[in-house]
$ cat input-v8.txt   # compact mmCIF, N, CA and C atoms
# COMPACT_ATOMS: atom_id res chain seq x y z
N MET A 1 0.83 -1.19 0.00
CA MET A 1 0.00 0.00 0.00
C MET A 1 0.87 1.24 0.00
N SER A 2 0.38 2.29 -0.67
CA SER A 2 1.16 3.52 -0.74
C SER A 2 0.79 4.45 0.40
N SER A 3 1.75 5.27 0.80
CA SER A 3 1.50 6.18 1.91
C SER A 3 0.91 7.51 1.46
N LYS A 4 0.83 7.74 0.16
CA LYS A 4 0.27 9.00 -0.34
C LYS A 4 -1.25 8.97 -0.21
N GLN A 5 -1.79 10.12 0.15
CA GLN A 5 -3.24 10.24 0.26
C GLN A 5 -3.74 11.10 -0.89
N GLY A 6 -4.81 10.65 -1.51
CA GLY A 6 -5.40 11.42 -2.60
C GLY A 6 -6.35 12.47 -2.07
N GLY A 7 -6.79 13.32 -2.96
CA GLY A 7 -7.78 14.32 -2.60
C GLY A 7 -7.14 15.60 -2.11
N LYS A 8 -7.98 16.49 -1.67
CA LYS A 8 -7.53 17.82 -1.27
C LYS A 8 -7.09 17.79 0.20
N ALA A 9 -5.95 18.44 0.50
CA ALA A 9 -5.47 18.50 1.87
C ALA A 9 -6.32 19.47 2.67
N LYS A 10 -6.56 19.16 3.92
CA LYS A 10 -7.35 20.03 4.77
C LYS A 10 -6.55 21.30 5.10
N PRO A 11 -7.21 22.44 5.12
CA PRO A 11 -6.50 23.67 5.48
C PRO A 11 -6.15 23.68 6.96
N LEU A 12 -5.09 24.37 7.30
CA LEU A 12 -4.72 24.48 8.71
C LEU A 12 -5.75 25.29 9.46
N LYS A 13 -5.97 24.93 10.71
CA LYS A 13 -6.96 25.65 11.51
C LYS A 13 -6.42 27.01 11.91
N GLN A 14 -7.29 28.02 11.82
CA GLN A 14 -6.93 29.36 12.24
C GLN A 14 -7.11 29.48 13.75
N PRO A 15 -6.24 30.20 14.43
CA PRO A 15 -6.45 30.42 15.86
C PRO A 15 -7.69 31.28 16.08
N LYS A 16 -8.41 31.00 17.15
CA LYS A 16 -9.63 31.76 17.44
C LYS A 16 -9.28 33.21 17.75
N ALA A 17 -10.10 34.10 17.20
CA ALA A 17 -9.88 35.52 17.43
C ALA A 17 -10.36 35.89 18.84
N ASP A 18 -9.64 36.81 19.47
CA ASP A 18 -10.05 37.27 20.79
C ASP A 18 -11.29 38.14 20.67
N LYS A 19 -12.07 38.17 21.75
CA LYS A 19 -13.24 39.04 21.78
C LYS A 19 -12.78 40.48 21.74
N LYS A 20 -13.44 41.29 20.90
CA LYS A 20 -13.06 42.68 20.77
C LYS A 20 -13.74 43.51 21.86
N GLU A 21 -13.04 44.52 22.29
CA GLU A 21 -13.61 45.47 23.25
C GLU A 21 -14.29 46.57 22.46
N TYR A 22 -15.58 46.79 22.69
CA TYR A 22 -16.32 47.82 21.98
C TYR A 22 -16.59 49.00 22.92
N ASP A 23 -16.46 50.20 22.38
CA ASP A 23 -16.84 51.36 23.17
C ASP A 23 -18.29 51.72 22.83
N GLU A 24 -18.80 52.78 23.45
CA GLU A 24 -20.22 53.12 23.30
C GLU A 24 -20.59 53.44 21.86
N ASP A 25 -19.71 54.12 21.13
CA ASP A 25 -19.99 54.47 19.74
C ASP A 25 -20.12 53.21 18.88
N ASP A 26 -19.22 52.25 19.08
CA ASP A 26 -19.28 51.00 18.33
C ASP A 26 -20.56 50.24 18.63
N LEU A 27 -20.92 50.17 19.90
CA LEU A 27 -22.13 49.45 20.29
C LEU A 27 -23.37 50.11 19.70
N ALA A 28 -23.40 51.44 19.69
CA ALA A 28 -24.54 52.16 19.12
C ALA A 28 -24.63 51.89 17.62
N HIS A 29 -23.48 51.88 16.95
CA HIS A 29 -23.46 51.63 15.50
C HIS A 29 -23.93 50.21 15.20
N ILE A 30 -23.48 49.24 15.97
CA ILE A 30 -23.88 47.84 15.77
C ILE A 30 -25.38 47.68 15.99
N GLN A 31 -25.91 48.33 17.04
CA GLN A 31 -27.33 48.24 17.35
C GLN A 31 -28.17 48.87 16.23
N LYS A 32 -27.71 50.01 15.72
CA LYS A 32 -28.41 50.69 14.63
C LYS A 32 -28.45 49.82 13.39
N LYS A 33 -27.32 49.17 13.10
CA LYS A 33 -27.23 48.28 11.94
C LYS A 33 -28.19 47.10 12.08
N LYS A 34 -28.27 46.54 13.28
CA LYS A 34 -29.18 45.41 13.52
C LYS A 34 -30.63 45.84 13.33
N ASP A 35 -30.97 47.04 13.83
CA ASP A 35 -32.33 47.55 13.70
C ASP A 35 -32.70 47.76 12.23
N GLU A 36 -31.77 48.32 11.45
CA GLU A 36 -32.03 48.54 10.03
C GLU A 36 -32.23 47.22 9.30
N GLU A 37 -31.42 46.23 9.65
CA GLU A 37 -31.51 44.92 9.02
C GLU A 37 -32.86 44.26 9.35
N LYS A 38 -33.29 44.42 10.60
CA LYS A 38 -34.56 43.84 11.04
C LYS A 38 -35.73 44.50 10.30
N ALA A 39 -35.68 45.84 10.17
CA ALA A 39 -36.73 46.56 9.47
C ALA A 39 -36.78 46.14 8.00
N LEU A 40 -35.63 45.98 7.37
CA LEU A 40 -35.56 45.58 5.98
C LEU A 40 -36.15 44.18 5.79
N LYS A 41 -35.86 43.30 6.73
CA LYS A 41 -36.38 41.93 6.67
C LYS A 41 -37.90 41.93 6.78
N GLU A 42 -38.44 42.78 7.67
CA GLU A 42 -39.89 42.87 7.83
C GLU A 42 -40.55 43.41 6.56
N LEU A 43 -39.93 44.41 5.94
CA LEU A 43 -40.48 44.97 4.70
C LEU A 43 -40.47 43.93 3.58
N LYS A 44 -39.41 43.14 3.50
CA LYS A 44 -39.34 42.09 2.48
C LYS A 44 -40.45 41.07 2.69
N ALA A 45 -40.70 40.69 3.95
CA ALA A 45 -41.74 39.72 4.24
C ALA A 45 -43.12 40.28 3.88
N LYS A 46 -43.33 41.57 4.18
CA LYS A 46 -44.60 42.22 3.89
C LYS A 46 -44.81 42.33 2.38
N ALA A 47 -43.75 42.66 1.65
CA ALA A 47 -43.86 42.81 0.20
C ALA A 47 -44.12 41.47 -0.48
N SER A 48 -43.56 40.40 0.05
CA SER A 48 -43.75 39.09 -0.59
C SER A 48 -45.17 38.59 -0.41
N GLN A 49 -45.87 39.06 0.61
CA GLN A 49 -47.25 38.63 0.83
C GLN A 49 -48.21 39.28 -0.16
N LYS A 50 -47.93 40.52 -0.56
CA LYS A 50 -48.86 41.26 -1.42
C LYS A 50 -48.85 40.76 -2.86
N GLY A 51 -47.73 40.32 -3.35
CA GLY A 51 -47.66 39.83 -4.72
C GLY A 51 -47.13 40.90 -5.65
N THR A 52 -47.56 40.87 -6.90
CA THR A 52 -47.02 41.79 -7.90
C THR A 52 -47.65 43.17 -7.79
N PHE A 53 -46.95 44.15 -8.30
CA PHE A 53 -47.45 45.53 -8.32
C PHE A 53 -48.29 45.72 -9.59
N GLY A 54 -49.42 46.36 -9.47
CA GLY A 54 -50.23 46.68 -10.65
C GLY A 54 -51.07 45.51 -11.14
N GLY A 55 -50.50 44.36 -11.23
CA GLY A 55 -51.24 43.18 -11.64
C GLY A 55 -51.27 42.95 -13.14
N SER A 56 -50.98 43.99 -13.96
CA SER A 56 -51.08 43.80 -15.41
C SER A 56 -49.78 43.31 -16.02
N GLY A 57 -48.68 43.43 -15.30
CA GLY A 57 -47.40 42.98 -15.82
C GLY A 57 -46.81 43.99 -16.79
N LEU A 58 -45.90 43.58 -17.63
CA LEU A 58 -45.26 44.47 -18.58
C LEU A 58 -46.14 44.64 -19.82
N LYS A 59 -46.26 45.90 -20.23
CA LYS A 59 -47.04 46.16 -21.44
C LYS A 59 -46.11 46.19 -22.64
N LYS A 60 -46.52 45.54 -23.68
CA LYS A 60 -45.71 45.52 -24.90
C LYS A 60 -46.28 46.57 -25.86
N SER A 61 -45.36 47.29 -26.49
CA SER A 61 -45.82 48.28 -27.46
C SER A 61 -46.22 47.56 -28.74
N SER A 62 -47.29 48.02 -29.35
CA SER A 62 -47.78 47.36 -30.56
C SER A 62 -47.16 47.93 -31.83
N GLY A 63 -46.39 49.00 -31.70
CA GLY A 63 -45.77 49.60 -32.88
C GLY A 63 -46.66 50.63 -33.52
N LYS A 64 -46.15 51.30 -34.56
CA LYS A 64 -46.93 52.34 -35.24
C LYS A 64 -47.82 51.72 -36.31
N LYS A 65 -49.04 52.26 -36.41
CA LYS A 65 -49.97 51.76 -37.41
C LYS A 65 -50.20 52.78 -38.47
$ encode --input "input-v8.txt" --output "structure tokens"
Amino acid sequence: MSSKQGGKAKPLKQPKADKKEYDEDDLAHIQKKKDEEKALKELKAKASQKGTFGGSGLKKSSGKK
């Protein structure tokens, strides 16, 4: 049997990053970002329930007569 292994080699594990210390400005910015993301998600859910806008779809021009 051969000692070579086929396939892709596993990448080396990265060391875990230390917890960052946040000041009040950073925390406020993170909270604001989360709120905006939550509001956007709610709007997307609300829009998907209503369906299409107008209902008639795209109008095709018939050309000049």
$ atom_distance --input "input-v8.txt" --atom1 "atom N of A:Asp35" --atom2 "atom C of A:Pro15"
28.2 Å
$ atom_distance --input "input-v8.txt" --atom1 "atom CA of A:Tyr22" --atom2 "atom N of A:Lys34"
14.8 Å
$ atom_distance --input "input-v8.txt" --atom1 "atom C of A:Lys19" --atom2 "atom C of A:Lys32"
20.1 Å
$ decode --input "input-v8.txt" --residues "stretch 15-45 of chain A" --atoms "N, CA, C and O atoms" --output "short mmCIF file (atom, residue, chain, number, x, y, z; two decimals), in the first residue's frame"
data_model
loop_
_atom_site.label_atom_id
_atom_site.label_comp_id
_atom_site.auth_asym_id
_atom_site.auth_seq_id
_atom_site.Cartn_x
_atom_site.Cartn_y
_atom_site.Cartn_z
N PRO A 15 -6.24 30.20 14.43
CA PRO A 15 -6.45 30.42 15.86
C PRO A 15 -7.69 31.28 16.08
O PRO A 15 -8.01 32.14 15.26
N LYS A 16 -8.41 31.00 17.15
CA LYS A 16 -9.63 31.76 17.44
C LYS A 16 -9.28 33.21 17.75
O LYS A 16 -8.32 33.49 18.46
N ALA A 17 -10.10 34.10 17.20
CA ALA A 17 -9.88 35.52 17.43
C ALA A 17 -10.36 35.89 18.84
O ALA A 17 -11.35 35.35 19.34
N ASP A 18 -9.64 36.81 19.47
CA ASP A 18 -10.05 37.27 20.79
C ASP A 18 -11.29 38.14 20.67
O ASP A 18 -11.52 38.78 19.66
N LYS A 19 -12.07 38.17 21.75
CA LYS A 19 -13.24 39.04 21.78
C LYS A 19 -12.78 40.48 21.74
O LYS A 19 -11.84 40.87 22.43
N LYS A 20 -13.44 41.29 20.90
CA LYS A 20 -13.06 42.68 20.77
C LYS A 20 -13.74 43.51 21.86
O LYS A 20 -14.86 43.22 22.26
N GLU A 21 -13.04 44.52 22.29
CA GLU A 21 -13.61 45.47 23.25
C GLU A 21 -14.29 46.57 22.46
O GLU A 21 -13.66 47.23 21.64
N TYR A 22 -15.58 46.79 22.69
CA TYR A 22 -16.32 47.82 21.98
C TYR A 22 -16.59 49.00 22.92
O TYR A 22 -16.93 48.81 24.08
N ASP A 23 -16.46 50.20 22.38
CA ASP A 23 -16.84 51.36 23.17
C ASP A 23 -18.29 51.72 22.83
O ASP A 23 -18.94 51.05 22.04
N GLU A 24 -18.80 52.78 23.45
CA GLU A 24 -20.22 53.12 23.30
C GLU A 24 -20.59 53.44 21.86
O GLU A 24 -21.67 53.08 21.40
N ASP A 25 -19.71 54.12 21.13
CA ASP A 25 -19.99 54.47 19.74
C ASP A 25 -20.12 53.21 18.88
O ASP A 25 -21.02 53.11 18.05
N ASP A 26 -19.22 52.25 19.08
CA ASP A 26 -19.28 51.00 18.33
C ASP A 26 -20.56 50.24 18.63
O ASP A 26 -21.21 49.71 17.72
N LEU A 27 -20.92 50.17 19.90
CA LEU A 27 -22.13 49.45 20.29
C LEU A 27 -23.37 50.11 19.70
O LEU A 27 -24.29 49.42 19.25
N ALA A 28 -23.40 51.44 19.69
CA ALA A 28 -24.54 52.16 19.12
C ALA A 28 -24.63 51.89 17.62
O ALA A 28 -25.72 51.69 17.08
N HIS A 29 -23.48 51.88 16.95
CA HIS A 29 -23.46 51.63 15.50
C HIS A 29 -23.93 50.21 15.20
O HIS A 29 -24.72 49.98 14.26
N ILE A 30 -23.48 49.24 15.97
CA ILE A 30 -23.88 47.84 15.77
C ILE A 30 -25.38 47.68 15.99
O ILE A 30 -26.08 47.01 15.23
N GLN A 31 -25.91 48.33 17.04
CA GLN A 31 -27.33 48.24 17.35
C GLN A 31 -28.17 48.87 16.23
O GLN A 31 -29.19 48.32 15.82
N LYS A 32 -27.71 50.01 15.72
CA LYS A 32 -28.41 50.69 14.63
C LYS A 32 -28.45 49.82 13.39
O LYS A 32 -29.47 49.71 12.72
N LYS A 33 -27.32 49.17 13.10
CA LYS A 33 -27.23 48.28 11.94
C LYS A 33 -28.19 47.10 12.08
O LYS A 33 -28.87 46.71 11.11
N LYS A 34 -28.27 46.54 13.28
CA LYS A 34 -29.18 45.41 13.52
C LYS A 34 -30.63 45.84 13.33
O LYS A 34 -31.44 45.11 12.77
N ASP A 35 -30.97 47.04 13.83
CA ASP A 35 -32.33 47.55 13.70
C ASP A 35 -32.70 47.76 12.23
O ASP A 35 -33.82 47.42 11.81
N GLU A 36 -31.77 48.32 11.45
CA GLU A 36 -32.03 48.54 10.03
C GLU A 36 -32.23 47.22 9.30
O GLU A 36 -33.11 47.09 8.46
N GLU A 37 -31.42 46.23 9.65
CA GLU A 37 -31.51 44.92 9.02
C GLU A 37 -32.86 44.26 9.35
O GLU A 37 -33.49 43.65 8.50
N LYS A 38 -33.29 44.42 10.60
CA LYS A 38 -34.56 43.84 11.04
C LYS A 38 -35.73 44.50 10.30
O LYS A 38 -36.65 43.82 9.85
N ALA A 39 -35.68 45.84 10.17
CA ALA A 39 -36.73 46.56 9.47
C ALA A 39 -36.78 46.14 8.00
O ALA A 39 -37.87 45.97 7.43
N LEU A 40 -35.63 45.98 7.37
CA LEU A 40 -35.56 45.58 5.98
C LEU A 40 -36.15 44.18 5.79
O LEU A 40 -36.88 43.91 4.84
N LYS A 41 -35.86 43.30 6.73
CA LYS A 41 -36.38 41.93 6.67
C LYS A 41 -37.90 41.93 6.78
O LYS A 41 -38.58 41.20 6.06
N GLU A 42 -38.44 42.78 7.67
CA GLU A 42 -39.89 42.87 7.83
C GLU A 42 -40.55 43.41 6.56
O GLU A 42 -41.60 42.93 6.14
N LEU A 43 -39.93 44.41 5.94
CA LEU A 43 -40.48 44.97 4.70
C LEU A 43 -40.47 43.93 3.58
O LEU A 43 -41.41 43.85 2.80
N LYS A 44 -39.41 43.14 3.50
CA LYS A 44 -39.34 42.09 2.48
C LYS A 44 -40.45 41.07 2.69
O LYS A 44 -41.09 40.62 1.74
N ALA A 45 -40.70 40.69 3.95
CA ALA A 45 -41.74 39.72 4.24
C ALA A 45 -43.12 40.28 3.88
O ALA A 45 -43.96 39.59 3.32
#
